[in-house]
Amino acid sequence: MIRTYFQKRPHLIYIMPAIIILGALTIIPTIFLYGLSVTNYELGYPTFDFVGLENYIRLFTGKDAEFWYSVGISLGFMLLATVIQLALGFWLAVLLDREFKFKFLVFACMIVPLAMTPSITGQVWKLMMNAEYGVLNYFLQFFGGKVIWLSGENAFWSTLLVDIWQNTPFVALIIYAGMRSLPTDPYEAASIDGAGKLQIFRNITLPLLWPMILLAVIFRAIDSLKMFDIPYSLTQGGPGSSTEFLSLHIYRLGFAGTGWIGRSAAVSVVLLILTTVISMILIRLYRKGVENKG
Amino acid sequence: MLKKWTQIVAVVLLVAMISACGAGNGGNGTGKGNGSEGNGGNGGTPSGATDTLEAWGETIKSQYGGDTLNLAFASHPSTESFQKLTSDFEKLTGIKVKWEVMEETYLKNKQLLDFTGKTGSYDVLMVDGFWMSEYGAKKVTEPLDAYLSDENKTPAWFDYEDIVPAYRNGISKYDGSVYGIPTAGETRFIAYRKDLFDKYGKQPPTTMDEYLELAQFFNGKEDGLYGVSMRAQRGVHAASGLMTIMYNFGGGFLNQQTGEVTMTDPKTIEAFQFYVDLLKNAPKDVVSYTHEEALSAFMTGKTAMWLDATALAKRILDPASSQVYDKVGFAPTPEGPGGKASALAGWNMSISSQSKKKDAAWAFIVYMNSKVNAKAYVDGGGVPVRTSIYENEELVAADPSYPVQLAALNDANVLVEKGISWIPPHEKLGQILDRVGYYISAAMFGEMTVQDAAAKAQTELEDITQ
Amino acid sequence: MNPLGNKKLTVVTAVLLLLVSVGCIFPFIWMFIISLKTGTQTYDPSIWIFSPTFENYKNIFENRHALDYLKNSSIVVLLTTFISIFIGGLAAYGFARFEFKKKENRAFWVLSLRMLPPMASVIPIFVMASLLGILDTHFVLIICYMLFNIPFTIWMMRSFFEEIPVALEEAAFVDGASRFQVFMRIILPLATPGLIATSIFCIINSWNEFVFALFLTSSDASTLPTTVTLFLSVSGVVWGEMSAIGIVTILPVLLFAMIVQKYMIRGLTFGGVK
């Protein structure tokens with residue numbers, strides 16, 4: 001009976017171990033999370049009440065003064081970070097896509113930002129960005145400039161800068177990999193037809209690279225939406241609420257000595273739904289791209 | 001799954017009950033200690049002589065030798081000093097100690113998570129005075145009155161009374177009971193650059209108005225020089241920064257008698273406005289400063305004045321960390337329209353209410369905080385809390401900030417006499433500070449005016465404290 | 001053969017690449033410099049020439065027990081990567097080679113597990129772990145890191161497997177091999193570069209993970225990234241030691257990445273072999 005079941009569905013043997021482990025690890029926490037989000041549980045108290053949707057109502061009606069702003073800058077950050085990193089990564093991949101001697105050294109340097117521990121690196125960046133004794137302003141002073149990196153106006157952009165530093169190499173590596181694996185035939189055909197450079201890029205390169213680009217976009221979009229380490233070390237969400245991203249808002253409500261676990265869970269659920277919807281759209285595009293390619 | 005749950009709940013309840021009974025015994029049984037009681041390793045009264053350190057060590061060893069204590073402590077110079085004393089303690093008592101040290105916000109989360117999960121993995125906790133009310137209300141820590149009054153558990157050489165009264169009353173009690181032994185205390189004072197003050201013929205500030213004037217005077221006076229630096233990062237840092245000066249204006253987050261929220265009280269708003277105005281004379285990124293950046297800005301000579309914790313004075317005076325160590329003077333927190341006042345904060349050692357080795361934990365606390373070891377503790381870099389240390393001539397000679405610290409402590413006592421606790425005694429203080437800290441940061445950054453910020457903070461605080 | 005290429009390295013490109021490299025590596029260099037500086041020098045960026053102190057390194061090994069953390073990190077990361085790659089690889093193969101109902105939905109569900117912010121899942125996982133009595137063990141971290149390593153492996157490896165021509169397998173089937181044998185003997189070896197590329201990212205992610213490590217372990221199984229909280233002291237940040245441990249943390253990963261760099265690039269360019 002079991003034997004025939006598996007024989008009919010041969011894929012199960014392969015995907016089941018992963019599904020079971022992931023399921024056990026996520027279904028319970030997720031249910032727990034949804035459960036918590038309809039309570040007024042505070043960390044450390046023995047009892048709590050079910051409050052229905054009160055936590056959500058609080059968020060959506062503006063009683064939580066920072067929530068909508070938080071959603072706004074999180075989405076804005078995701079968009080900016082993804083687009084900029086994609087553009088820079090693409091440009092970097094094009095730069096790399098040629099033969100030269102010390103290529104391995106350039107790659108070695110590009111791996112460094114990826115490999116540096118975010119929790120420690122965030123602190124080092126904060127030291128580097130200090131307006132008075134930071135090394136960035138020390139360099140700028142030779143050009144007569146001085147930037148207040150972590151002021152209210154600039155904190156968001158500084159966070160973006162660090163994120164770009166850390167993740168552009170990842171995007172570049174993936175796109176570079178894609179470029180190296182492009183088939184040659186379409187290009188030969190195109191050059192026989194006498195197509196221009198731009199045409200070749202738009203009609204051949206871009207569609208062929210599309211899956212790789214989307215894969216990079218998926219990973220970057222999801223990760224930048226829930227980015228935590230960098231703004232946590234740099235600004236803790238401040239000044240004011242200028243870097244209070246959703247992930248930081250979750251931290252602030254639940255873990256910054258505040259302990260509103262119920263409210264924090266409600267924000268987590270919102271973030272979860274947000275990421276799910278966004279990545280669902282991206283993944284649709286991705287599969288389409290792969291099918292078109294194949 | 002359900003079965004496992006019930007089992008665990010049952011075990012936890014049982015353990016809780018046993019230890020509750022045990023503690024009760026210990027408290028009541030002030031008797032001479034009949035050794036047979038201690039066989040559970042839990043709740044028994046230590047027997048045998050405890051009048052000298054060595055005799056006490058023998059007694060403890062016979063009862064709890066071989067136990068292992070788990071500690072959750074903050075990254076703090078005092079913790080490092082305690083760690084240096086650990087091997088002596090282990091030798092003397094045969095109790096093993098396992099340290100876990102981390103940054104304070106994570107520490108609090110971890111202690112509370114451990115408490116919520118009923119894992120009971122920690123025995124001794126290091127607790128910020130700011131958390132005391134919350135921990136007391138949630139019963140995270142054990143009340144210590146019974147331990148203190150039992151002379152078998154607390155030998156005379158511990159000398160509780162020697163700890164500065166302001167600390168004993170100000171940072172370690174909740175609802176009249178003692179929940180922690182102060183280990184590191186701090187008040188706040190001004191450090192100023194003597195060389196600059198001499199150069200321009202200025203005197204250190206004695207009132208808040210002078211303080212602001214001086215900050216404005218020095219700001220930009222020399223190339224790259226700012227008036228003042230203080231902590232002001234969004235959240236608890238900004239709230240605590242405001243508290244540094246708030247009481248001198250007679251303001252407060254709450255009316256401590258009635259429990260009403262007083263954010264929109266004119267005095268609080270005046271203090272709030274002062275804090276925002278003052279920090280216009282600070283380095284431009286002061287809105288992201290914690291105590292670390294505030295201190296570094298002063299130590300690198302970027303600011304003429306600094307107002308923060310006395311516990312940090314050691315670093316200012318240390319040539320290995322400070323560029324201005326030989327050009328610094330100290331002055332108490334200036335007097336404001338509301339009179340004198342000064343901060344009163346610090347850290348405690350407490351016993352986790354879920355610990356299964358409460359008596360061994362208490363032995364650790366007694367040893368580490370006793371008067372006998374106080375000198376070794378301070379020599380190891382610990383932050384003093386004892387009157388005898390503040391009056392120790394040798395130590396005073398080595399650290400010129402001691403007299404000013406004592407003066408500041410007297411100012412702090414002014415508040416105590418007014419019946420006000422510098423740390424507002426509210427079990428939701430963590431939430432209050434975080435919200436106030438947000439609105440301060442918002443006002444400083446210019447998102448809203450001070451009046452608006454105060455009004456909004458008032459609404460949120462009322463919502464929290466209702 | 002590279003269709004876009006045949007491009008040469010012009011001076012402009014060389015300079016640009018040099019700038020990018022320096023930009024990427026600078027925070028690392030700065031961290032290294034700080035780890036050799038004394039307290040006062042840390043706050044003065046204009047000091048470039050100084051006699052380096054090795055006190056910070058001495059301290060982290062003697063007083064901060066860096067070796068213990070290093071050992072814990074290594075155990076956790078090696079095991080979790082190995083298991084994740086195996087289980088994830090299996091699943092990726094399943095997704096790549098079989099057609100079944102709701103395949104895309106399941107594949108998406110797998111990826112969506114990446115989306116749970118760690119701060120949100122740490123409380124339920126803590127409670128579960130304490131009920132099972134596995135708090136503060138290597139085991140609990142190994143399991144938790146599989147939570148983000150397996151989905152990543154599935155999504156990376158799936159495209160690698162899809163690139164391998166089905167004809168190769170069919171030839172083996174004709175010879176009478178079972179599908180699992182084919183997977184182990186033909187597919188996995190062919191996909192080695194891809195496996196290495198994937199495992200580097202798994203290693204990096206688990207090596208640097210902070211939130212789970214901090215909350216789920218205490219004294220027996222803490223990993224290197226949690227040490228940062230040791231240095232964020234009430235009396236200020238201990239920059240020198242923190243940077244020293246930062247360097248100690250990154251070096252093994254960096255060395256490993258350098259050694260397998262060839263495979264990594266080849267792995268990422270896997271499609272190119274066909």
# chains A, B, ... in the order shown; residues from 1 in each chain; ligands from 1

$ closest_atom_pairs --of "chain A" --to "chain C" --cutoff "7 Å" --atoms "only C-alpha atoms" --output "Markdown table"
| residue | atom | partner | partner_atom | distance |
| --- | --- | --- | --- | --- |
| A:His11 | CA | C:Gly94 | CA | 5.1 |
| A:Tyr14 | CA | C:Ala91 | CA | 4.9 |
| A:Ile15 | CA | C:Ala91 | CA | 4.0 |
| A:Pro17 | CA | C:Ile87 | CA | 6.5 |
| A:Ala18 | CA | C:Ile87 | CA | 5.8 |
| A:Leu22 | CA | C:Leu147 | CA | 6.1 |
| A:Leu25 | CA | C:Leu147 | CA | 6.9 |
| A:Pro29 | CA | C:Pro124 | CA | 5.2 |
| A:Phe32 | CA | C:Pro124 | CA | 6.4 |
| A:Leu95 | CA | C:Thr13 | CA | 6.6 |
| A:Asp97 | CA | C:Gly5 | CA | 6.3 |
| A:Arg98 | CA | C:Lys7 | CA | 5.6 |
| A:Phe100 | CA | C:Leu9 | CA | 6.6 |
| A:Val106 | CA | C:Ser21 | CA | 5.9 |
| A:Ala108 | CA | C:Met258 | CA | 6.4 |
| A:Cys109 | CA | C:Ser21 | CA | 5.4 |
| A:Met110 | CA | C:Cys24 | CA | 6.0 |
| A:Val112 | CA | C:Ile25 | CA | 6.1 |
| A:Pro113 | CA | C:Cys24 | CA | 6.1 |
| A:Ala115 | CA | C:Ile204 | CA | 5.8 |
| A:Met116 | CA | C:Ile250 | CA | 5.8 |
| A:Thr117 | CA | C:Asn208 | CA | 4.9 |
| A:Pro118 | CA | C:Asn208 | CA | 6.9 |
| A:Ser119 | CA | C:Pro225 | CA | 6.6 |
| A:Ile120 | CA | C:Val228 | CA | 6.0 |
| A:Val124 | CA | C:Met31 | CA | 6.8 |
| A:Tyr133 | CA | C:Tyr43 | CA | 5.7 |
| A:Gly134 | CA | C:Pro45 | CA | 6.6 |
| A:Val135 | CA | C:Pro45 | CA | 5.2 |
| A:Tyr138 | CA | C:Pro45 | CA | 6.6 |
| A:Trp165 | CA | C:Cys24 | CA | 6.6 |
| A:Ile174 | CA | C:Leu268 | CA | 6.6 |
| A:Ala177 | CA | C:Thr269 | CA | 4.2 |
| A:Gly178 | CA | C:Thr269 | CA | 6.2 |
| A:Arg180 | CA | C:Thr269 | CA | 5.8 |
| A:Ser181 | CA | C:Gly272 | CA | 3.9 |
| A:Leu182 | CA | C:Gly272 | CA | 6.9 |
| A:Thr184 | CA | C:Pro3 | CA | 5.5 |
| A:Tyr187 | CA | C:Pro3 | CA | 6.5 |
| A:Ile222 | CA | C:Met115 | CA | 6.6 |
| A:Lys226 | CA | C:Pro117 | CA | 6.3 |
| A:Tyr251 | CA | C:Met119 | CA | 6.7 |
| A:Ala265 | CA | C:Ala120 | CA | 6.6 |
| A:Ser268 | CA | C:Ala120 | CA | 6.1 |
| A:Leu272 | CA | C:Leu116 | CA | 6.2 |
| A:Thr275 | CA | C:Met115 | CA | 6.4 |
| A:Thr276 | CA | C:Ser112 | CA | 6.4 |

$ residues_around --residues "Leu225 of chain A" --least-positions-apart "2" --cutoff "8 Å" --atoms "only C-alpha atoms" --output "PyMOL selection string"
chain A and resi 74-75+77-78+221-223+227+246-247+275

$ atom_distance --atom1 "atom CA of Phe274 of chain B" --atom2 "atom CA of Lys199 of chain B"
26.7 Å

$ select_by_dssp --residues "segment 143-261 of chain B" --states "helix (DSSP H, G or I)" --output "NGL selection string"
:B and (145-149 or 156-158 or 160-162 or 165-170 or 194-199 or 208-218 or 236-249)

$ write_last_selection --atoms "N, CA and C atoms" --output "tab-separated table (two decimals), in the first residue's frame"
chain	number	residue	atom	x	y	z
B	145	ASP	N	14.81	39.92	51.42
B	145	ASP	CA	14.75	40.34	52.84
B	145	ASP	C	15.05	39.18	53.78
B	146	ALA	N	14.48	38.02	53.47
B	146	ALA	CA	14.67	36.86	54.35
B	146	ALA	C	16.14	36.46	54.40
B	147	TYR	N	16.82	36.58	53.30
B	147	TYR	CA	18.24	36.22	53.27
B	147	TYR	C	19.05	37.22	54.08
B	148	LEU	N	18.69	38.51	53.92
B	148	LEU	CA	19.48	39.55	54.58
B	148	LEU	C	19.32	39.50	56.09
B	149	SER	N	18.12	39.13	56.56
B	149	SER	CA	17.89	39.15	58.00
B	149	SER	C	18.41	37.89	58.68
B	156	ALA	N	28.19	38.96	59.31
B	156	ALA	CA	28.39	40.37	59.63
B	156	ALA	C	29.39	41.03	58.68
B	157	TRP	N	30.38	40.27	58.24
B	157	TRP	CA	31.40	40.88	57.39
B	157	TRP	C	30.89	41.26	56.00
B	158	PHE	N	29.67	40.90	55.70
B	158	PHE	CA	29.08	41.35	54.45
B	158	PHE	C	28.77	42.85	54.53
B	160	TYR	N	25.77	45.02	54.94
B	160	TYR	CA	24.80	45.61	54.01
B	160	TYR	C	24.67	47.12	54.22
B	161	GLU	N	24.75	47.53	55.49
B	161	GLU	CA	24.53	48.95	55.80
B	161	GLU	C	25.60	49.86	55.21
B	162	ASP	N	26.74	49.29	54.88
B	162	ASP	CA	27.85	50.07	54.35
B	162	ASP	C	27.58	50.53	52.91
B	165	PRO	N	23.34	54.50	51.09
B	165	PRO	CA	21.89	54.38	51.27
B	165	PRO	C	21.09	54.71	50.01
B	166	ALA	N	21.58	55.72	49.27
B	166	ALA	CA	20.85	56.11	48.06
B	166	ALA	C	20.73	54.92	47.12
B	167	TYR	N	21.78	54.11	47.02
B	167	TYR	CA	21.73	52.94	46.14
B	167	TYR	C	20.79	51.88	46.71
B	168	ARG	N	20.94	51.65	48.02
B	168	ARG	CA	20.10	50.61	48.62
B	168	ARG	C	18.62	50.93	48.42
B	169	ASN	N	18.29	52.22	48.58
B	169	ASN	CA	16.88	52.59	48.49
B	169	ASN	C	16.44	52.88	47.06
B	170	GLY	N	17.39	53.33	46.26
B	170	GLY	CA	17.01	53.87	44.95
B	170	GLY	C	16.97	52.87	43.81
B	194	LYS	N	39.42	71.53	31.51
B	194	LYS	CA	40.05	72.57	32.32
B	194	LYS	C	40.84	73.54	31.46
B	195	ASP	N	41.61	73.01	30.50
B	195	ASP	CA	42.48	73.89	29.71
B	195	ASP	C	41.67	74.93	28.95
B	196	LEU	N	40.53	74.50	28.39
B	196	LEU	CA	39.70	75.44	27.64
B	196	LEU	C	39.04	76.45	28.57
B	197	PHE	N	38.56	75.95	29.71
B	197	PHE	CA	37.90	76.86	30.65
B	197	PHE	C	38.89	77.91	31.15
B	198	ASP	N	40.15	77.49	31.40
B	198	ASP	CA	41.17	78.45	31.83
B	198	ASP	C	41.47	79.45	30.73
B	199	LYS	N	41.60	78.94	29.53
B	199	LYS	CA	41.98	79.77	28.39
B	199	LYS	C	40.98	80.91	28.20
B	208	MET	N	21.70	75.43	35.49
B	208	MET	CA	21.36	74.97	34.15
B	208	MET	C	21.53	76.10	33.12
B	209	ASP	N	21.17	77.34	33.52
B	209	ASP	CA	21.32	78.46	32.59
B	209	ASP	C	22.78	78.64	32.20
B	210	GLU	N	23.65	78.57	33.21
B	210	GLU	CA	25.09	78.70	32.92
B	210	GLU	C	25.55	77.57	32.01
B	211	TYR	N	25.02	76.41	32.29
B	211	TYR	CA	25.40	75.23	31.51
B	211	TYR	C	25.10	75.45	30.03
B	212	LEU	N	23.88	75.92	29.76
B	212	LEU	CA	23.49	76.18	28.37
B	212	LEU	C	24.35	77.29	27.76
B	213	GLU	N	24.56	78.36	28.55
B	213	GLU	CA	25.39	79.47	28.05
B	213	GLU	C	26.79	78.99	27.68
B	214	LEU	N	27.37	78.21	28.58
B	214	LEU	CA	28.73	77.71	28.32
B	214	LEU	C	28.76	76.82	27.08
B	215	ALA	N	27.73	75.98	26.95
B	215	ALA	CA	27.68	75.11	25.78
B	215	ALA	C	27.64	75.96	24.52
B	216	GLN	N	26.81	77.03	24.55
B	216	GLN	CA	26.72	77.90	23.37
B	216	GLN	C	28.03	78.64	23.14
B	217	PHE	N	28.68	79.01	24.25
B	217	PHE	CA	29.92	79.76	24.15
B	217	PHE	C	31.02	78.94	23.47
B	218	PHE	N	31.16	77.70	23.92
B	218	PHE	CA	32.26	76.89	23.39
B	218	PHE	C	31.96	76.29	22.02
B	236	VAL	N	15.81	54.21	24.63
B	236	VAL	CA	16.08	54.37	26.05
B	236	VAL	C	17.23	55.36	26.31
B	237	HIS	N	18.15	55.50	25.36
B	237	HIS	CA	19.26	56.43	25.57
B	237	HIS	C	18.76	57.87	25.65
B	238	ALA	N	17.87	58.25	24.73
B	238	ALA	CA	17.35	59.61	24.74
B	238	ALA	C	16.54	59.85	26.01
B	239	ALA	N	15.73	58.88	26.38
B	239	ALA	CA	14.91	59.04	27.58
B	239	ALA	C	15.80	59.23	28.80
B	240	SER	N	16.84	58.42	28.89
B	240	SER	CA	17.71	58.52	30.04
B	240	SER	C	18.52	59.82	29.99
B	241	GLY	N	18.84	60.28	28.78
B	241	GLY	CA	19.51	61.57	28.65
B	241	GLY	C	18.66	62.71	29.20
B	242	LEU	N	17.37	62.68	28.84
B	242	LEU	CA	16.47	63.71	29.35
B	242	LEU	C	16.34	63.61	30.87
B	243	MET	N	16.28	62.39	31.37
B	243	MET	CA	16.14	62.23	32.81
B	243	MET	C	17.30	62.87	33.58
B	244	THR	N	18.49	62.88	32.93
B	244	THR	CA	19.67	63.46	33.57
B	244	THR	C	19.42	64.87	34.06
B	245	ILE	N	18.63	65.63	33.31
B	245	ILE	CA	18.42	67.03	33.70
B	245	ILE	C	16.98	67.32	34.15
B	246	MET	N	16.06	66.42	33.83
B	246	MET	CA	14.64	66.69	34.02
B	246	MET	C	14.26	67.04	35.46
B	247	TYR	N	14.82	66.26	36.42
B	247	TYR	CA	14.42	66.49	37.81
B	247	TYR	C	14.90	67.83	38.33
B	248	ASN	N	15.96	68.36	37.72
B	248	ASN	CA	16.45	69.67	38.15
B	248	ASN	C	15.49	70.77	37.73
B	249	PHE	N	14.58	70.45	36.83
B	249	PHE	CA	13.54	71.41	36.46
B	249	PHE	C	12.24	71.11	37.19

$ closest_atom_pairs --of "chain B" --to "chain A" --cutoff "8 Å" --atoms "only C-alpha atoms" --output "JSON lines"
{"residue": "B:Thr105", "atom": "CA", "partner": "A:Ala256", "partner_atom": "CA", "distance": 6.4}
{"residue": "B:Lys108", "atom": "CA", "partner": "A:Gly257", "partner_atom": "CA", "distance": 6.8}
{"residue": "B:Asn109", "atom": "CA", "partner": "A:Phe255", "partner_atom": "CA", "distance": 6.2}
{"residue": "B:Leu112", "atom": "CA", "partner": "A:Gly44", "partner_atom": "CA", "distance": 5.7}
{"residue": "B:Leu113", "atom": "CA", "partner": "A:Gly44", "partner_atom": "CA", "distance": 7.2}
{"residue": "B:Phe115", "atom": "CA", "partner": "A:Gly44", "partner_atom": "CA", "distance": 6.7}
{"residue": "B:Thr116", "atom": "CA", "partner": "A:Gly44", "partner_atom": "CA", "distance": 5.4}
{"residue": "B:Lys138", "atom": "CA", "partner": "A:Tyr45", "partner_atom": "CA", "distance": 5.8}
{"residue": "B:Val140", "atom": "CA", "partner": "A:Gly44", "partner_atom": "CA", "distance": 7.7}
{"residue": "B:Gln233", "atom": "CA", "partner": "A:Gly238", "partner_atom": "CA", "distance": 6.9}
{"residue": "B:Arg234", "atom": "CA", "partner": "A:Gly238", "partner_atom": "CA", "distance": 5.1}
{"residue": "B:Gly235", "atom": "CA", "partner": "A:Gln236", "partner_atom": "CA", "distance": 7.8}
{"residue": "B:Pro283", "atom": "CA", "partner": "A:Glu132", "partner_atom": "CA", "distance": 7.3}
{"residue": "B:Lys284", "atom": "CA", "partner": "A:Ile148", "partner_atom": "CA", "distance": 6.6}
{"residue": "B:Asp285", "atom": "CA", "partner": "A:Ser151", "partner_atom": "CA", "distance": 5.0}
{"residue": "B:Val286", "atom": "CA", "partner": "A:Ser151", "partner_atom": "CA", "distance": 7.8}
{"residue": "B:Val287", "atom": "CA", "partner": "A:Pro239", "partner_atom": "CA", "distance": 5.7}
{"residue": "B:Ser288", "atom": "CA", "partner": "A:Thr235", "partner_atom": "CA", "distance": 5.7}
{"residue": "B:Ala297", "atom": "CA", "partner": "A:Glu132", "partner_atom": "CA", "distance": 7.3}
{"residue": "B:Thr300", "atom": "CA", "partner": "A:Tyr133", "partner_atom": "CA", "distance": 8.0}
{"residue": "B:Lys302", "atom": "CA", "partner": "A:Glu132", "partner_atom": "CA", "distance": 7.4}
{"residue": "B:Lys428", "atom": "CA", "partner": "A:Thr258", "partner_atom": "CA", "distance": 7.8}
{"residue": "B:Gly430", "atom": "CA", "partner": "A:Thr258", "partner_atom": "CA", "distance": 5.0}
{"residue": "B:Gln431", "atom": "CA", "partner": "A:Thr258", "partner_atom": "CA", "distance": 4.5}
{"residue": "B:Asp434", "atom": "CA", "partner": "A:Thr258", "partner_atom": "CA", "distance": 7.0}
{"residue": "B:Tyr438", "atom": "CA", "partner": "A:Gly240", "partner_atom": "CA", "distance": 6.1}
{"residue": "B:Tyr439", "atom": "CA", "partner": "A:Gly240", "partner_atom": "CA", "distance": 7.0}
{"residue": "B:Ile440", "atom": "CA", "partner": "A:Gly240", "partner_atom": "CA", "distance": 7.8}
{"residue": "B:Ser441", "atom": "CA", "partner": "A:Gly240", "partner_atom": "CA", "distance": 4.7}
{"residue": "B:Ala442", "atom": "CA", "partner": "A:Gly240", "partner_atom": "CA", "distance": 3.7}
{"residue": "B:Ala443", "atom": "CA", "partner": "A:Gly240", "partner_atom": "CA", "distance": 7.4}
{"residue": "B:Met444", "atom": "CA", "partner": "A:Gly240", "partner_atom": "CA", "distance": 7.7}
{"residue": "B:Phe445", "atom": "CA", "partner": "A:Gly152", "partner_atom": "CA", "distance": 5.7}
{"residue": "B:Glu447", "atom": "CA", "partner": "A:Gly240", "partner_atom": "CA", "distance": 6.8}

$ write_last_selection --atoms "N, CA and C atoms" --output "tab-separated table (two decimals), in the first residue's frame"
chain	number	residue	atom	x	y	z
B	105	THR	N	20.58	45.15	26.50
B	105	THR	CA	19.24	44.93	25.96
B	105	THR	C	19.01	43.44	25.70
B	108	LYS	N	18.45	41.57	28.98
B	108	LYS	CA	17.10	41.63	29.52
B	108	LYS	C	16.17	40.69	28.76
B	109	ASN	N	16.27	40.71	27.44
B	109	ASN	CA	15.44	39.80	26.65
B	109	ASN	C	15.69	38.36	27.04
B	112	LEU	N	14.31	37.48	30.47
B	112	LEU	CA	12.86	37.35	30.46
B	112	LEU	C	12.39	36.13	29.67
B	113	LEU	N	13.09	35.85	28.58
B	113	LEU	CA	12.73	34.69	27.77
B	113	LEU	C	12.96	33.42	28.58
B	115	PHE	N	12.90	33.21	31.77
B	115	PHE	CA	11.88	33.20	32.80
B	115	PHE	C	10.56	32.68	32.22
B	116	THR	N	10.19	33.20	31.04
B	116	THR	CA	8.94	32.80	30.40
B	116	THR	C	8.95	31.32	30.04
B	138	LYS	N	6.83	41.09	37.93
B	138	LYS	CA	6.67	39.83	37.21
B	138	LYS	C	7.21	38.65	38.00
B	140	VAL	N	10.32	37.89	38.55
B	140	VAL	CA	11.47	37.26	37.89
B	140	VAL	C	12.56	36.98	38.91
B	233	GLN	N	20.59	58.82	21.53
B	233	GLN	CA	20.06	57.94	20.48
B	233	GLN	C	18.61	57.59	20.75
B	234	ARG	N	17.86	57.43	19.69
B	234	ARG	CA	16.46	57.08	19.81
B	234	ARG	C	16.26	55.91	20.78
B	235	GLY	N	15.23	56.01	21.60
B	235	GLY	CA	14.93	54.92	22.52
B	235	GLY	C	15.39	55.25	23.93
B	283	PRO	N	27.89	67.76	18.72
B	283	PRO	CA	28.20	67.33	17.35
B	283	PRO	C	26.92	67.00	16.59
B	284	LYS	N	26.96	67.21	15.28
B	284	LYS	CA	25.72	67.19	14.50
B	284	LYS	C	25.04	65.82	14.50
B	285	ASP	N	25.81	64.75	14.73
B	285	ASP	CA	25.14	63.44	14.70
B	285	ASP	C	24.81	62.95	16.11
B	286	VAL	N	24.64	63.90	17.03
B	286	VAL	CA	24.35	63.53	18.42
B	286	VAL	C	23.08	62.69	18.52
B	287	VAL	N	22.16	62.87	17.56
B	287	VAL	CA	20.92	62.08	17.56
B	287	VAL	C	21.18	60.58	17.44
B	288	SER	N	22.40	60.20	17.09
B	288	SER	CA	22.68	58.76	17.03
B	288	SER	C	23.66	58.35	18.13
B	297	ALA	N	33.41	61.31	21.98
B	297	ALA	CA	33.50	62.67	21.47
B	297	ALA	C	34.23	63.55	22.48
B	300	THR	N	38.05	62.49	22.75
B	300	THR	CA	38.90	62.88	21.63
B	300	THR	C	39.00	64.39	21.52
B	302	LYS	N	36.62	66.65	21.20
B	302	LYS	CA	35.71	67.34	20.28
B	302	LYS	C	34.71	68.22	21.01
B	428	LYS	N	5.96	49.10	34.04
B	428	LYS	CA	6.05	49.18	32.58
B	428	LYS	C	7.08	50.22	32.15
B	430	GLY	N	10.03	50.03	31.02
B	430	GLY	CA	10.70	49.77	29.75
B	430	GLY	C	9.92	50.35	28.58
B	431	GLN	N	8.61	50.17	28.61
B	431	GLN	CA	7.76	50.69	27.54
B	431	GLN	C	7.71	52.21	27.58
B	434	ASP	N	10.94	53.68	26.20
B	434	ASP	CA	11.07	53.53	24.76
B	434	ASP	C	10.20	54.55	24.02
B	438	TYR	N	11.44	57.82	21.85
B	438	TYR	CA	11.12	58.07	20.45
B	438	TYR	C	10.72	59.53	20.24
B	439	TYR	N	9.84	60.04	21.12
B	439	TYR	CA	9.36	61.41	20.91
B	439	TYR	C	10.45	62.44	21.12
B	440	ILE	N	11.37	62.16	22.05
B	440	ILE	CA	12.51	63.08	22.21
B	440	ILE	C	13.31	63.13	20.93
B	441	SER	N	13.61	61.94	20.40
B	441	SER	CA	14.40	61.88	19.18
B	441	SER	C	13.68	62.59	18.04
B	442	ALA	N	12.36	62.41	17.97
B	442	ALA	CA	11.59	63.05	16.90
B	442	ALA	C	11.65	64.56	17.02
B	443	ALA	N	11.57	65.07	18.27
B	443	ALA	CA	11.60	66.51	18.47
B	443	ALA	C	13.00	67.05	18.14
B	444	MET	N	14.01	66.28	18.48
B	444	MET	CA	15.38	66.74	18.26
B	444	MET	C	15.71	66.78	16.78
B	445	PHE	N	15.18	65.82	16.07
B	445	PHE	CA	15.44	65.70	14.64
B	445	PHE	C	14.58	66.71	13.88
B	447	GLU	N	11.15	66.44	13.52
B	447	GLU	CA	9.92	65.88	12.97
B	447	GLU	C	8.69	66.58	13.54

$ closest_atom_pairs --of "chain B" --to "chain C" --cutoff "7 Å" --atoms "only C-alpha atoms" --output "tab-separated table"
residue	atom	partner	partner_atom	distance
B:Ser75	CA	C:Ser233	CA	4.5
B:His76	CA	C:Val234	CA	5.1
B:Pro77	CA	C:Ser235	CA	6.8
B:Glu100	CA	C:Ser219	CA	5.9
B:Val101	CA	C:Leu230	CA	6.1
B:Met102	CA	C:Thr229	CA	4.7
B:Glu103	CA	C:Thr229	CA	4.6
B:Lys110	CA	C:Phe215	CA	6.4
B:Gly117	CA	C:Val127	CA	5.7
B:Thr119	CA	C:Ser130	CA	6.4
B:His291	CA	C:Gly236	CA	6.7
B:Glu292	CA	C:Gly236	CA	4.4
B:Thr300	CA	C:Tyr43	CA	6.8
B:Leu312	CA	C:Ser235	CA	5.8
B:Ala320	CA	C:Gly39	CA	5.9
B:Ser321	CA	C:Thr40	CA	4.5
B:Ser322	CA	C:Thr40	CA	5.7
B:Gln323	CA	C:Thr40	CA	6.5
